[in-house]
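Participant: Here's a structure for you.
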Number of protein chains: 4
Amino acid sequence: MHKQKKFIRTDLAIEAREMHDTNQIDGVKVITQDFQNIRVTSVKILNSIGEKNLKRPQGNYITIECPFLNKNSVDYREQTIKILADNLKKLVYKKNKFKPENILIIGLGNKNITADSLGPKTISKVLVTRHIKNFVPEEIKNFIKTVSAISPGVLGITGIETFEISKGICEKINPDLVIIIDSLAARNISRINSTIQIADTGIAPGAGVNNKRVSLNKKNLGCEIISVGVPTVIDAATLVNDTMDKIIDEMIFFSKQNFEHDFFLTMDRLDSDEKYNLIKKILGPYENNMFVTPKEVDEIIERLSNIIANAINICLHEKITEDDINKFICK
Amino acid sequence: MHKQKKFIRTDLAIEAREMHDTNQIDGVKVITQDFQNIRVTSVKILNSIGEKNLKRPQGNYITIECPFLNKNSVDYREQTIKILADNLKKLVYKKNKFKPENILIIGLGNKNITADSLGPKTISKVLVTRHIKNFVPEEIKNFIKTVSAISPGVLGITGIETFEISKGICEKINPDLVIIIDSLAARNISRINSTIQIADTGIAPGAGVNNKRVSLNKKNLGCEIISVGVPTVIDAATLVNDTMDKIIDEMIFFSKQNFEHDFFLTMDRLDSDEKYNLIKKILGPYENNMFVTPKEVDEIIERLSNIIANAINICLHEKITEDDINKFICK
Amino acid sequence: MHKQKKFIRTDLAIEAREMHDTNQIDGVKVITQDFQNIRVTSVKILNSIGEKNLKRPQGNYITIECPFLNKNSVDYREQTIKILADNLKKLVYKKNKFKPENILIIGLGNKNITADSLGPKTISKVLVTRHIKNFVPEEIKNFIKTVSAISPGVLGITGIETFEISKGICEKINPDLVIIIDSLAARNISRINSTIQIADTGIAPGAGVNNKRVSLNKKNLGCEIISVGVPTVIDAATLVNDTMDKIIDEMIFFSKQNFEHDFFLTMDRLDSDEKYNLIKKILGPYENNMFVTPKEVDEIIERLSNIIANAINICLHEKITEDDINKFICK
Amino acid sequence: MHKQKKFIRTDLAIEAREMHDTNQIDGVKVITQDFQNIRVTSVKILNSIGEKNLKRPQGNYITIECPFLNKNSVDYREQTIKILADNLKKLVYKKNKFKPENILIIGLGNKNITADSLGPKTISKVLVTRHIKNFVPEEIKNFIKTVSAISPGVLGITGIETFEISKGICEKINPDLVIIIDSLAARNISRINSTIQIADTGIAPGAGVNNKRVSLNKKNLGCEIISVGVPTVIDAATLVNDTMDKIIDEMIFFSKQNFEHDFFLTMDRLDSDEKYNLIKKILGPYENNMFVTPKEVDEIIERLSNIIANAINICLHEKITEDDINKFICK
């Protein structure tokens, strides 16, 4: 049996999986595929044992690691779009009998905060067809799904829970699939803006901040759900915490070989929540508001929203290109 | 009895009223008040005769003309905020028995097109309290109304009618008053960004473009409605049409005195729709997409959204200042 | 000998050329090439007779008409980039002996006014190498030119003439070629955002508004100059004027066949400046500030700045791709 | 004699001063004044001994601490503007014989990166008069100084050093005072966006990153210089480093009282550069690019740029209000 090293708060199933020492986790199936400079990891949580081990609901989590997105290579971006579209198709059409026809895309986040604007930015780029479907020629109509898209905004600006807005709109337009785009929080600084996670398990908006908030999932919204998320920030306390952990690890290794080591070991044995809260206390009241983000965040969010919007367009409207549809929009 | 000179398409009741030759229009009551450099005109449509004469539904239309907003004077802006807040109060609390407690503010328009972004911009500046009301101290709670706010986006981006989104959300949060902010189209170039119209009759989104779209009014949304609109553009064909009309008027006057005049008179007698369509044909397929706007539109929309948001905040939360509420938001 | 029909104010040589009734204009050589949906017209003003006939300085004016840019087709954009790059090369390397090594790119216009932001937007996308050239490996160094780029802003914001800023910087970095990007005013509504003009004759910033402003040309800046301009707006008075002209033309044609026609002919004979000034008077004091622009101007300027930046990058750094250079920037 | 505890990298003189254990530092004079919720600290470095002690050039450094700017109180903002304007006047007119008449304001930083856009944002809001001074009526002309303003951009976008651009422009317009606005890096998370430093000693752009870059100071630019800076970010390694230091301090205090303490003391004795570099190594290659910033950075930079622009306007054009000048701009 494997031992779970430390529990860490993370939005990424792949990071939860990495906390386990062994390759084999009960109730969890992991498959990894490597493409040129892009790695795809499918984590399938099979049952309640897997749920307990990875602390998240049963279902499929696919992680696409594309570390060179920051290099601004056109080829690499196109490869990323293709791989993301292929994996979206796996989740969207996973059950042979399920072919969604009426899709609502929801872009979560605050469009006025760049690092949180991935959802709204993507929404403005996906191909929306619900309002034109009755005007396109018959021969093309069958290739176009009914797609609509909204950015419900954030609680602080609207005063309304994301779930209330989403549910209210779902009841009006009755989608059979909801695709949610969201910014996530990462643990590892190297994952920021370079990892895309797609899942079919629903999401909890602002999870962790206020756990009474209603999740956007199949049960609550009444239809299938696919989420697409990218970690765009690390909160300041997490950054300090994780960096300290790594220093302590290194110190322990070093001290074991050289001299007395009981203090670092003592610190290492501290409860992880106690340590995290100590750091939060030291960072002070401002911390809750601070996050760590790369300098060129505006440019990268622009790029990521293009990639995700393109992949969704390819996934939903298979046989026709964007140029084709633009022709009909212009009619 | 008065004669209606020419029928013109306009979003402003005051412009509809100006088309009539006489001061007295059946079924319509008009009151004008002048403040220093700001004129307030209340047009009340009393009955179905008034509806027919002004071609819009029965109710109150208040127009605030503030031609010097483009001068960027702090004093003038504060005076405008005060007058707008006072007139909003007249409509919001017009019936002594009506005291709205749960208000939804809807900002119409496309945030990505500056001239159409007045609604979404204002939304981001109004004081939203619905999510914090349960956390403020008892002594202040009674002075704060429950306010929420959304920007439903536009049909071309969401694929969903504004009415469907608004209705879906209203059914979830049950407001007793909806305040709608929208950009309007003006006829007169001098009104652009310098006239604010408030009304209690509801609005038809994108009216005129596609008259099958459902109106946002009391009957359809199931609660009181106040709309706040500012003309921010003129469409290109309207500008040409109106300028030509003025030239023809001048020419007729001139030709009557001097020489043969039958041709201009002939042109003047042309059906106004025929003339408008002739201009549209000449402007070509691009015209539908073109509008006339002042160069510094970004700056003026910023200023106008501040004025409207401030006036709404004053109107809804009378006894406490923004500074007071900010204190509680920070708690 | 040909007769010049009407003199019109325009930034485009191709429009000046179209005002002439004949194909053959003294002192001017015109070559037209058609690609799929893109037309390239080279107007060469050979001597002072040509200068007088087209009312602009001797030199090369190449116009690329790409009417389908608004359709958002990826293929069409790539074709446009290629054709623009090819024609830029013709002007940049026109004299066999001239191979610029130190290039300064100047983006004119106001970044805060979308329709005027083409210059600054393009600047932020061109590949700038002056500061890294000494850090790239020897084998690649020879393929990279020394490129720097500035947006001098506009007189109303800086208080400094564009020429003063440009000249001050040129004296510090001594370029052998300056490339200027600017937004132009069009006459014809169908040209807006769908025509790219490149020229080697220099430009007069804000020409026409205040003719005392110093031109950015070879003589004043002391090095070769290429300008790249796109008409992004029409001023409101021009739009009305030109539309009226077309209506009058149509009326004259119609009246000749049917009935008395002396009045329209009279109006047609009016001095064009008198008519223009009459329209300006009627539009009122606001007119100077108003322009006509398409609704989706933000999106189109984004697209155009990408096209121009890409074409300049290809023109200047021939043998290496953007991906190649990004690798070195990351070193 | 006092002992300097630890040397820290900081852009703020007040933080450099705080590193010293004693109140009295040789060659340095410090005066502190408290207003309601705003503290003003003047640090005067008198001679080369003071220079050595605070590791920065001789001159005046005034720090305005306004911790409640994030509360969005109108009164507090107006108080901040007044205090900033008063202190700017002290530095601008410090020598009785010096009355600058021709002022160039330079806004450093990258307008496309929100946290670095304070300079360019302020530039777009200061009152620029150089181009209109000859058009205002005689009676007002004497109250208006000649003000111009530029945003030279950043090396990565222009390829040109800030100093080269600034010097090139200074040689054209010959200012007698340059005011520089810049974003700084803070050490202390609580200072971010809540401290304004003004100084008369010039600045080194991007100091520390590449120390060969030429400073913008009196000697190099040939005129008086005032700088206005606000810390808007902390780099990620600094945040981790300082938080760890505080934890270690706390641990040492705790361990002294309770049990063996030699290890923390050992860590405390580590060379501070070694520790910083260890953290940078652990954070990895991404670190150089990461910074810590508050979520609502867009809103706060907007507010700060308004405050600074207003204070500069008041400082330079004493007897006339912005409304007055706007009248003349409109003429």
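Just so we're on the same page: first chain in the structure tokens is A, next is B, and so on; residues restart at 1 for each chain, and ligands are numbered from 1 in the order they show up.
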Set the cut-off to 6 Å and count only C-alpha atoms: what are the residues of chain C that reach chain D? Output as a VMD selection string.
Facilitator: chain C and resid 128 130 to 131 148 to 150 158 to 159 165 168 to 169
Participant: If you run DSSP on the backbone here, which positions in range 65-117 of chain C get strand (DSSP E)? Please write them as JSON, numbers by chain.
Facilitator: {"C": [65, 102, 103, 104, 105, 106, 107]}
Participant: Generate the output file for the selected residues, N, CA and C atoms, as a short mmCIF file (atom, residue, chain, number, x, y, z; two decimals), in the first residue's frame.
Facilitator:
```
data_model
loop_
_atom_site.label_atom_id
_atom_site.label_comp_id
_atom_site.auth_asym_id
_atom_site.auth_seq_id
_atom_site.Cartn_x
_atom_site.Cartn_y
_atom_site.Cartn_z
N GLU C 65 -5.59 46.41 -52.18
CA GLU C 65 -7.01 46.40 -51.83
C GLU C 65 -7.42 44.99 -51.45
N ASN C 102 19.91 49.41 -40.15
CA ASN C 102 19.48 49.98 -38.88
C ASN C 102 18.13 50.65 -39.12
N ILE C 103 17.06 49.99 -38.71
CA ILE C 103 15.72 50.45 -39.07
C ILE C 103 14.96 50.91 -37.82
N LEU C 104 14.36 52.09 -37.92
CA LEU C 104 13.49 52.58 -36.85
C LEU C 104 12.05 52.56 -37.36
N ILE C 105 11.17 51.90 -36.61
CA ILE C 105 9.76 51.84 -36.99
C ILE C 105 8.98 52.80 -36.09
N ILE C 106 8.22 53.71 -36.68
CA ILE C 106 7.49 54.71 -35.91
C ILE C 106 5.99 54.48 -36.08
N GLY C 107 5.30 54.26 -34.98
CA GLY C 107 3.85 54.05 -35.03
C GLY C 107 3.11 55.31 -34.63
#
```
Participant: So which residues touch Phe68 in chain C within 10 Å, counting only C-alpha atoms, skipping near sequence neighbours fewer than 3 positions away, as a list in words?
Facilitator: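 Answer for this query is Asn37, Ile38, Glu65, Lys71, Asn72, Ser73, Tyr76, Arg77, Asn193 and Ser194 of chain C.
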Participant: List the spatial neighbours of Glu101 in chain C as a list of chain:residue names - criterion: any atom at most 9 Å away, only C-alpha atoms, same-chain residues fewer than 6 positions off excluded.
Facilitator: C:Ile144, C:Lys145, C:Thr146, C:Val147, C:Pro175, C:Asp176, C:Leu177
Participant: As an exercise, work out the distance from CA of Met290 in chain A to CA of Ala199 in chain D in Å and give it to one decimal place.
Facilitator: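 CA of Ala199 in chain D lies at a distance of 27.8 Å from CA of Met290 in chain A.
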Participant: What lies within 8 Å of Ala16 in chain C using only C-alpha atoms, ignoring chain neighbours under 4 positions off, as a ChimeraX atom specification?
Facilitator: /C:8,10,12,20,54-55
Participant: Can you write just those residues out, C-alpha atoms, as a short mmCIF file (atom, residue, chain, number, x, y, z; two decimals), in the first residue's frame?
Facilitator:
```
data_model
loop_
_atom_site.label_atom_id
_atom_site.label_comp_id
_atom_site.auth_asym_id
_atom_site.auth_seq_id
_atom_site.Cartn_x
_atom_site.Cartn_y
_atom_site.Cartn_z
CA ILE C 8 -11.12 65.75 -53.53
CA THR C 10 -7.83 62.13 -49.79
CA LEU C 12 -4.85 57.71 -50.86
CA HIS C 20 -9.15 61.64 -63.49
CA LEU C 54 -2.06 64.03 -58.45
CA LYS C 55 -1.27 66.78 -55.93
#
```
